[in-house]
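In what follows, a structure is listed as structure tokens, so that the remarks can point back to it.
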Amino acid sequence: MKLGKITLTIMIAAFGLLVAKTALAQTETGADKTLSPYFFVKSDDPETDRLPLKSTSAKVNISGVIADVIVTQVYKNEGKKPLEAIYVFPASTRAAVYGMKMTIGERVITANIREREAARREYEQAKQEGKSASLLEQQRPNVFQMNVANILQGDIIKVELKYTELLVPTDAVYEFVYPTVVGPRYVDQQSEQTGSSENWTSNPYLHQGESAPYTFDMKMDLAAGLPIQDISCATHKVDIRYQGSNFASIKLNSSEEFGGNRDFILKYKLAGGKIETGLLLFKGKKENFFLLMLQPPERVKETQIPPREYMFIVDVSGSMNGFPLNISKKLLKDLIGNLRPSDRFNVLLFAGGSTVMSEKSLPATRQNINHAINVIDRQRGGGGTRLLPALKKALSLQGTEGFSRNIVIVTDGYVSVEKEAFDLIRNNLGNANMFAFGIGSSVNRHLIEGMARVGMGEPFIITRPDEAQQKAAKFRKLIESPVLTGVTVDFGNFKAYDIEPPSIPDVMAQRPVILFGKWRGRPQGNILVKGTAGNRTYSKKVNVAKVKPLKTNSALRYLWARHRIALLSDYNRLSPQDERVKEVTSLGLTYNLLTQYTSFVAIDTQIRLKDGKAQTVKQPLPLPQGVSDYAVGGRSRVAKGISTLGASPSLMVRKSKPMEVKEESCDSKKDAPLSSGDISDKEEHKRIHIKLGKISVTGGLKRETIITILEKSIPSVNRCYDKKPWWQWNVKGEFTFKLTVDSSGRVIKVSRIAGIKKVKALEDCIIAKLKILQFPFPKGSKESTITVTFFLK
């Protein structure tokens with residue numbers, strides 16, 4: 001009888017998996033093919049290596065204000081079938097990608113820049129002919145796609161790309177950002193509506209808390225040009241070695257081997273709060289380039305500022321569920337709670353739909369402020385991310401006469417409508433200043449920075465909860481007044497042309513005035529920059545004749561072209577008929593740059609695959625740290641009866657307790673038929689093998705908060721058990737782990753101190769899950785420890 005039950009259970013499970021597989025195949029190949037992200041399903045097939053990317057690393061050289069970066073991706077085929085690997089990865093929004101090469105054994109193939117369609121044709125032809133090839137395409141200014149064809153069994157193929165970017169300080173602090181993972185994008189269309197340009201959004205993701213399946217490394221040499229005062233990296237553990245006062249080497253700590261699930265952010269400050277300013281010149285064979293950076297004046301008094309009106313547009317979609325939305329709530333409490341009595345404000349929440357608090361802005365009374373904060377605090381996160389309708393609604397509302405209008409957007413930016421958003425904002429310039437807050441460990445920086453740039457505002461990125469208060473204070477300080485308005489530049493006898501930007505917007509932060517351009521003839525004359533700072537006239541003169549052109553400034557040609565391309569992309573909604581498409585294409589080909597319309601392609605001369613066809617594999621990506629499974633949409637768990645698509649957030653005040661999104665127990669749906677979308681989750685809840693046991697805390701952490709965070713981690717920890725079929729573990733008992741937490745709330749060390757032995761794979765997996773947890777840490781507290789026991793049954 002018992003054997004019969006087991007057999008029946010296995011048959012039902014097999015049938016369910018068959019239904020799921022069939023449904024998934026229909027979804028991906030049918031006429032209504034979706035472009036949404038999906039969860040990676042592990043396979044026991046030893047023939048195909050579904051995780052071909054083994055490592056990604058970066059070597060960074062910073063000289064003065066210019067960073068030069070070499071990114072190396074290593075692919076290896078550990079299966080038996082030849083592969084084509086597809087890997088979607090992010091880059092800096094300011095990156096000018098100017099080179100690529102592919103290494104197969106001893107052979108090095110340098111990539112050529114081609115028009116996008118031509119590069120794709122050459123790549124596909126090489127793939128059909130059995131040649132190994134690599135293709136680098138830009139899907140967004142900050143999202144790239146690498147295709148590597150015909151990776152044979154045992155092959156190790158290295159692909160190396162080079163880019164440069166300008167480092168612009170704010171408040172005398174320089175920041176180098178290296179994005180590591182592309183977050184899942186919400187797409188509100190089917191594939192036949194968008195064409196092939198959006199296919200990259202349909203990408204496999206690992207579950208929340210699962211480590212990246214490839215290693216990550218970072219090495220950096222910093223030659224600042226002036227004495228370095230301080231270097232810090234709050235996102236990763238790094239080892240810093242100084243060599244003199246002006247130079248430092250930075251290396252990623254070995255404990256961060258799988259730290260490729262969040263942006264790497266390094267900040268540094270020069271002694272005395274100085275910044276690199278002045279004129280850089282480069283003399284080329286055909287063209288000459290310059291870069292001008294000038295220190296802005298001091299701020300003006302607050303008494304000269306007009307009253308302000310704010311519209312807060314808040315993303316409460318599924319991808320914001322959990323960690324990102326919690327940061328948003330903290331940020332908005334700070335921003336709204338500190339409005340001046342003379343200010344006015346409004347709040348618009350958006351997900352699949354949108355709701356506004358009031359048709360007109362409200363005075364910043366204590367009652368209105370408390371009402372807005374309470375409404376925002378009730379949000380849980382769910383549904384799609386329909387940004388465009390929310391922006392249109394906010395911009396359509398009438399502003400208050402005599403008030404300086406400011407629109408503040410708070411989102412992770414996981415949408416695929418960047419160009420449409422830029423176009424909408426561009427067409428409404430003059431109506432409001434635009435300030436964008438990007439929330440999360442790996443935000444869509446192209447959207448956040450682009451919206452602020454075209455809206456004449458500033459972007460803010462918040463990757464950790466403890467940054468919310470600091471960034472809110474920075475925002476308030478920023479809008480106290482523009483430090484420089486009405487900026488004009490007179491080049492005199494210096495024959496400058498093709499200048500970017502063509503006009504300088506108001507300078508709203510303590511950051512340099514920056515101009516790129518070309519020049520003819522001899523470097524001579526004076527450059528005069530003038531403007532208004534409060535009620536004073538600002539003037540700065542630069543003697544060009546005293547500056548020598550240097551070969552080491554060759555990156556200026558790439559930076560100028562990249563800046564021109566970025567402006568063309570941001571300020572215009574591009575179409576195939578648009579003249580700007582031709583201009584961007586020409587810039588890419590002329591200056592050897594990756595763009596939306598130009599790609600790098602490298603093709604081996606040897607025919608390596610004579611029989612058979614390579615199997616295409618999309619490299620699975622980890623979810624960015626702090627992003628929940630809800631970001632992947634319909635395949636994540638939602639509360640019964642709540643739709644994750646098309647739902648409008650509510651701004652109504654309810655007397656009853658607000659509905660919360662919760663994980664269901666298997667009993668709540670025991671009479672419901674199995675569907676392809678919830679088989680894996682239902683089976684997972686049937687087999688909760690790992691439960692939370694005793695917890696002890698030392699230091700400044702609150703025990704109740706720790707228990708809540710650890711309880712939420714249990715579903716992720718249980719996936720460690722599910723990495724093997726349940727009957728292969730055959731263990732029971734308990735594990736006890738010790739977690740060391742630093743003053744930022746980050747777990748810096750995890751070790752097993754007691755419990756079951758001889759199940760190292762399970763132990764290592766649980767340790768990896770615990771290492772990514774983030775705890776709220778009280779100010780002034782020092783390092784703390786948590787001891788937690790897990791029971792296995």
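Chain lettering (A, B, ...) mirrors the order of the structure tokens, residue numbering begins at 1 for each chain separately, and ligand numbering begins at 1 in order of display.
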- [ ] Please provide the set of residues having any atom within 6 Å of Ser57 in chain A, restricted to only C-alpha atoms, with same-chain residues fewer than 2 positions apart removed, written as a list in words.
- [x]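 So the residues in contact are Val71, Thr72, Phe216, Asp217 and Met218 of chain A.
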The selected residues should be written to file as a short mmCIF file (atom, residue, chain, number, x, y, z; two decimals), in the first residue's frame (atoms: all heavy atoms).
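See result.cif below for the written result:
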data_model
loop_
_atom_site.label_atom_id
_atom_site.label_comp_id
_atom_site.auth_asym_id
_atom_site.auth_seq_id
_atom_site.Cartn_x
_atom_site.Cartn_y
_atom_site.Cartn_z
N VAL A 71 37.23 44.58 -19.23
CA VAL A 71 36.32 43.55 -18.70
C VAL A 71 36.63 42.23 -19.39
O VAL A 71 36.67 42.17 -20.62
CB VAL A 71 34.84 43.94 -18.93
CG1 VAL A 71 33.91 42.85 -18.39
CG2 VAL A 71 34.52 45.27 -18.28
N THR A 72 36.84 41.17 -18.61
CA THR A 72 37.13 39.85 -19.17
C THR A 72 36.05 38.85 -18.75
O THR A 72 35.77 38.69 -17.56
CB THR A 72 38.50 39.34 -18.69
OG1 THR A 72 39.51 40.29 -19.05
CG2 THR A 72 38.82 38.00 -19.34
N PHE A 216 33.24 36.58 -9.62
CA PHE A 216 33.40 38.00 -9.92
C PHE A 216 34.68 38.50 -9.27
O PHE A 216 35.00 38.12 -8.14
CB PHE A 216 32.19 38.77 -9.37
CG PHE A 216 32.36 40.26 -9.35
CD1 PHE A 216 32.55 40.97 -10.52
CD2 PHE A 216 32.32 40.96 -8.15
CE1 PHE A 216 32.71 42.35 -10.50
CE2 PHE A 216 32.47 42.34 -8.12
CZ PHE A 216 32.66 43.04 -9.29
N ASP A 217 35.44 39.33 -10.01
CA ASP A 217 36.67 39.87 -9.45
C ASP A 217 36.86 41.31 -9.93
O ASP A 217 36.36 41.70 -11.00
CB ASP A 217 37.87 39.01 -9.86
CG ASP A 217 39.12 39.34 -9.05
OD1 ASP A 217 38.97 39.88 -7.92
OD2 ASP A 217 40.23 39.09 -9.53
N MET A 218 37.58 42.10 -9.15
CA MET A 218 37.82 43.50 -9.46
C MET A 218 39.20 43.90 -8.96
O MET A 218 39.55 43.66 -7.80
CB MET A 218 36.74 44.36 -8.78
CG MET A 218 37.02 45.85 -8.77
SD MET A 218 36.81 46.63 -10.39
CE MET A 218 35.06 46.40 -10.65
#
TODO: Go ahead and compute the interatomic distance for CA of Ile156 in chain A and CA of Lys127 in chain A, in Å to one decimal.
DONE: 17.1 Å
Open item on the list: I'd like the neighbourhood of Phe516 in chain A as a list in words, where a residue qualifies if any of its atoms comes within 7 Å (using only C-alpha atoms), though same-chain residues fewer than 4 positions away should be ignored.
Closed with: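 Answer for this query is Phe290, Leu291, Leu292, Ile499, Glu500 and Trp560 of chain A.
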How about saving the chosen residues, N, CA, C and O atoms kept, as a PDB file, in the first residue's frame?
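Now in selection_13.pdb:
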ATOM      1  N   PHE A 290      39.167  68.653 -26.717  1.00  0.00           N
ATOM      2  CA  PHE A 290      39.442  69.281 -25.424  1.00  0.00           C
ATOM      3  C   PHE A 290      38.364  68.907 -24.408  1.00  0.00           C
ATOM      4  O   PHE A 290      37.245  68.521 -24.773  1.00  0.00           O
ATOM      5  N   LEU A 291      38.723  69.010 -23.139  1.00  0.00           N
ATOM      6  CA  LEU A 291      37.790  68.829 -22.021  1.00  0.00           C
ATOM      7  C   LEU A 291      38.061  69.945 -21.025  1.00  0.00           C
ATOM      8  O   LEU A 291      39.193  70.125 -20.573  1.00  0.00           O
ATOM      9  N   LEU A 292      37.012  70.698 -20.692  1.00  0.00           N
ATOM     10  CA  LEU A 292      37.125  71.783 -19.722  1.00  0.00           C
ATOM     11  C   LEU A 292      36.304  71.448 -18.488  1.00  0.00           C
ATOM     12  O   LEU A 292      35.108  71.152 -18.590  1.00  0.00           O
ATOM     13  N   ILE A 499      30.796  71.564 -29.784  1.00  0.00           N
ATOM     14  CA  ILE A 499      30.877  71.618 -28.318  1.00  0.00           C
ATOM     15  C   ILE A 499      29.681  70.893 -27.692  1.00  0.00           C
ATOM     16  O   ILE A 499      28.543  71.035 -28.153  1.00  0.00           O
ATOM     17  N   GLU A 500      29.957  70.105 -26.667  1.00  0.00           N
ATOM     18  CA  GLU A 500      28.925  69.396 -25.909  1.00  0.00           C
ATOM     19  C   GLU A 500      29.047  69.726 -24.421  1.00  0.00           C
ATOM     20  O   GLU A 500      30.146  69.643 -23.880  1.00  0.00           O
ATOM     21  N   TRP A 560      34.168  62.408 -25.992  1.00  0.00           N
ATOM     22  CA  TRP A 560      33.378  63.397 -26.732  1.00  0.00           C
ATOM     23  C   TRP A 560      32.288  62.700 -27.547  1.00  0.00           C
ATOM     24  O   TRP A 560      31.114  63.103 -27.516  1.00  0.00           O
TER      25      TRP A 560
END
Open item on the list: List as a PyMOL selection string the protein and nucleic acid residues near Ile766 in chain A, meaning an atom at most 9 Å away when only C-alpha atoms are counted, but skip any in the same chain fewer than 2 places from it.
Closed with: chain A and resi 716-718+720+761-764+768-771
Restricting it to C-alpha atoms, dump the selection as a PDB file, in the first residue's frame.
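Final output, again18.pdb:
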ATOM      1  CA  SER A 716      15.313  30.691   0.168  1.00  0.00           C
ATOM      2  CA  VAL A 717      17.205  28.434   2.608  1.00  0.00           C
ATOM      3  CA  ASN A 718      14.863  25.547   1.772  1.00  0.00           C
ATOM      4  CA  CYS A 720      19.300  24.534  -0.724  1.00  0.00           C
ATOM      5  CA  ALA A 761      27.153  21.067  -0.144  1.00  0.00           C
ATOM      6  CA  LEU A 762      24.061  21.801   1.947  1.00  0.00           C
ATOM      7  CA  GLU A 763      26.119  23.681   4.539  1.00  0.00           C
ATOM      8  CA  ASP A 764      27.853  25.823   1.893  1.00  0.00           C
ATOM      9  CA  ALA A 768      25.779  31.576   0.890  1.00  0.00           C
ATOM     10  CA  LYS A 769      22.124  32.433   1.628  1.00  0.00           C
ATOM     11  CA  LEU A 770      23.016  33.926   5.016  1.00  0.00           C
ATOM     12  CA  LYS A 771      25.899  36.007   3.622  1.00  0.00           C
TER      13      LYS A 771
END
Open item on the list: Quick one: residues within 9 Å of Lys495 in chain A, only C-alpha atoms, excluding same-chain residues fewer than 5 positions away - as a ChimeraX atom specification?
Closed with: /A:518-525
Could the residues in this selection be written to a file with N, CA, C and O atoms, as an mmCIF file, in the first residue's frame?
data_model
loop_
_atom_site.group_PDB
_atom_site.id
_atom_site.type_symbol
_atom_site.label_atom_id
_atom_site.label_comp_id
_atom_site.auth_asym_id
_atom_site.auth_seq_id
_atom_site.Cartn_x
_atom_site.Cartn_y
_atom_site.Cartn_z
ATOM 1 N N LYS A 518 35.868 70.021 -29.861
ATOM 2 C CA LYS A 518 37.011 69.914 -30.765
ATOM 3 C C LYS A 518 37.604 71.311 -30.962
ATOM 4 O O LYS A 518 36.935 72.322 -30.719
ATOM 5 N N TRP A 519 38.856 71.335 -31.447
ATOM 6 C CA TRP A 519 39.485 72.628 -31.722
ATOM 7 C C TRP A 519 40.379 72.540 -32.962
ATOM 8 O O TRP A 519 40.883 71.476 -33.308
ATOM 9 N N ARG A 520 40.550 73.704 -33.613
ATOM 10 C CA ARG A 520 41.398 73.796 -34.810
ATOM 11 C C ARG A 520 42.552 74.757 -34.554
ATOM 12 O O ARG A 520 42.518 75.571 -33.638
ATOM 13 N N GLY A 521 43.569 74.638 -35.424
ATOM 14 C CA GLY A 521 44.682 75.573 -35.356
ATOM 15 C C GLY A 521 45.558 75.363 -34.139
ATOM 16 O O GLY A 521 45.718 74.245 -33.642
ATOM 17 N N ARG A 522 46.130 76.467 -33.624
ATOM 18 C CA ARG A 522 46.997 76.393 -32.443
ATOM 19 C C ARG A 522 46.166 76.615 -31.177
ATOM 20 O O ARG A 522 45.210 77.384 -31.190
ATOM 21 N N PRO A 523 46.538 75.943 -30.078
ATOM 22 C CA PRO A 523 45.840 76.213 -28.820
ATOM 23 C C PRO A 523 46.267 77.576 -28.268
ATOM 24 O O PRO A 523 47.398 77.730 -27.798
ATOM 25 N N GLN A 524 45.376 78.567 -28.336
ATOM 26 C CA GLN A 524 45.728 79.925 -27.924
ATOM 27 C C GLN A 524 44.481 80.651 -27.417
ATOM 28 O O GLN A 524 43.357 80.160 -27.557
ATOM 29 N N GLY A 525 44.686 81.824 -26.836
ATOM 30 C CA GLY A 525 43.588 82.655 -26.369
ATOM 31 C C GLY A 525 43.119 82.284 -24.978
ATOM 32 O O GLY A 525 43.765 81.504 -24.261
#
TODO: Mind the document's chain letters and residue numbers, and return as JSON, numbers by chain the residues of range 25-263 of chain A that DSSP labels strand (DSSP E or B).
DONE: {"A": [34, 38, 39, 53, 54, 55, 56, 57, 58, 59, 60, 61, 62, 63, 66, 67, 68, 69, 70, 71, 72, 73, 74, 75, 76, 83, 84, 85, 86, 87, 88, 89, 90, 96, 97, 98, 99, 100, 101, 102, 103, 104, 107, 108, 109, 110, 112, 113, 114, 115, 131, 132, 133, 134, 135, 136, 137, 138, 139, 140, 143, 144, 145, 146, 147, 148, 149, 150, 151, 156, 157, 158, 159, 160, 161, 162, 163, 164, 165, 166, 170, 173, 174, 175, 176, 177, 178, 186, 190, 204, 205, 215, 216, 217, 218, 219, 220, 221, 222, 223, 228, 229, 230, 231, 232, 238, 239, 240, 241, 242, 247, 248, 249, 250, 251, 252]}
Task: Test item: residues at most 9 Å from Ser554 in chain A, only C-alpha atoms, excluding those fewer than 3 positions along its chain, as a ChimeraX atom specification - done: /A:281-284,289,550-551,557-558
For the residues in the current selection, export C-alpha atoms as a short mmCIF file (atom, residue, chain, number, x, y, z; two decimals), in the first residue's frame.
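So again31.cif came out as:
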data_model
loop_
_atom_site.label_atom_id
_atom_site.label_comp_id
_atom_site.auth_asym_id
_atom_site.auth_seq_id
_atom_site.Cartn_x
_atom_site.Cartn_y
_atom_site.Cartn_z
CA LEU A 281 43.93 68.86 -24.74
CA PHE A 282 44.56 66.05 -27.25
CA LYS A 283 45.97 66.55 -30.75
CA GLY A 284 45.04 63.76 -33.18
CA PHE A 289 39.76 67.39 -28.71
CA LEU A 550 49.16 65.26 -24.37
CA LYS A 551 49.00 61.82 -26.03
CA ARG A 557 37.96 61.44 -28.56
CA TYR A 558 35.91 58.52 -27.19
#
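If only C-alpha atoms are the atoms counted, then among A:Ser132, A:Gln138, A:Ser713, A:Thr400 the closest residue to Ser599 in chain A is A:Gln138.
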Task: Residue nearest Gly318 in chain A - candidates A:Ala631, A:Val617, A:Ile603, A:Leu391, atoms counted: only C-alpha atoms - done: A:Ala631
Open item on the list: With DSSP run on the backbone, what are the helix (DSSP H, G or I) residues within range 565-611 of chain A? I'd like them as a PyMOL selection string.
Closed with: chain A and resi 565-571+579-590
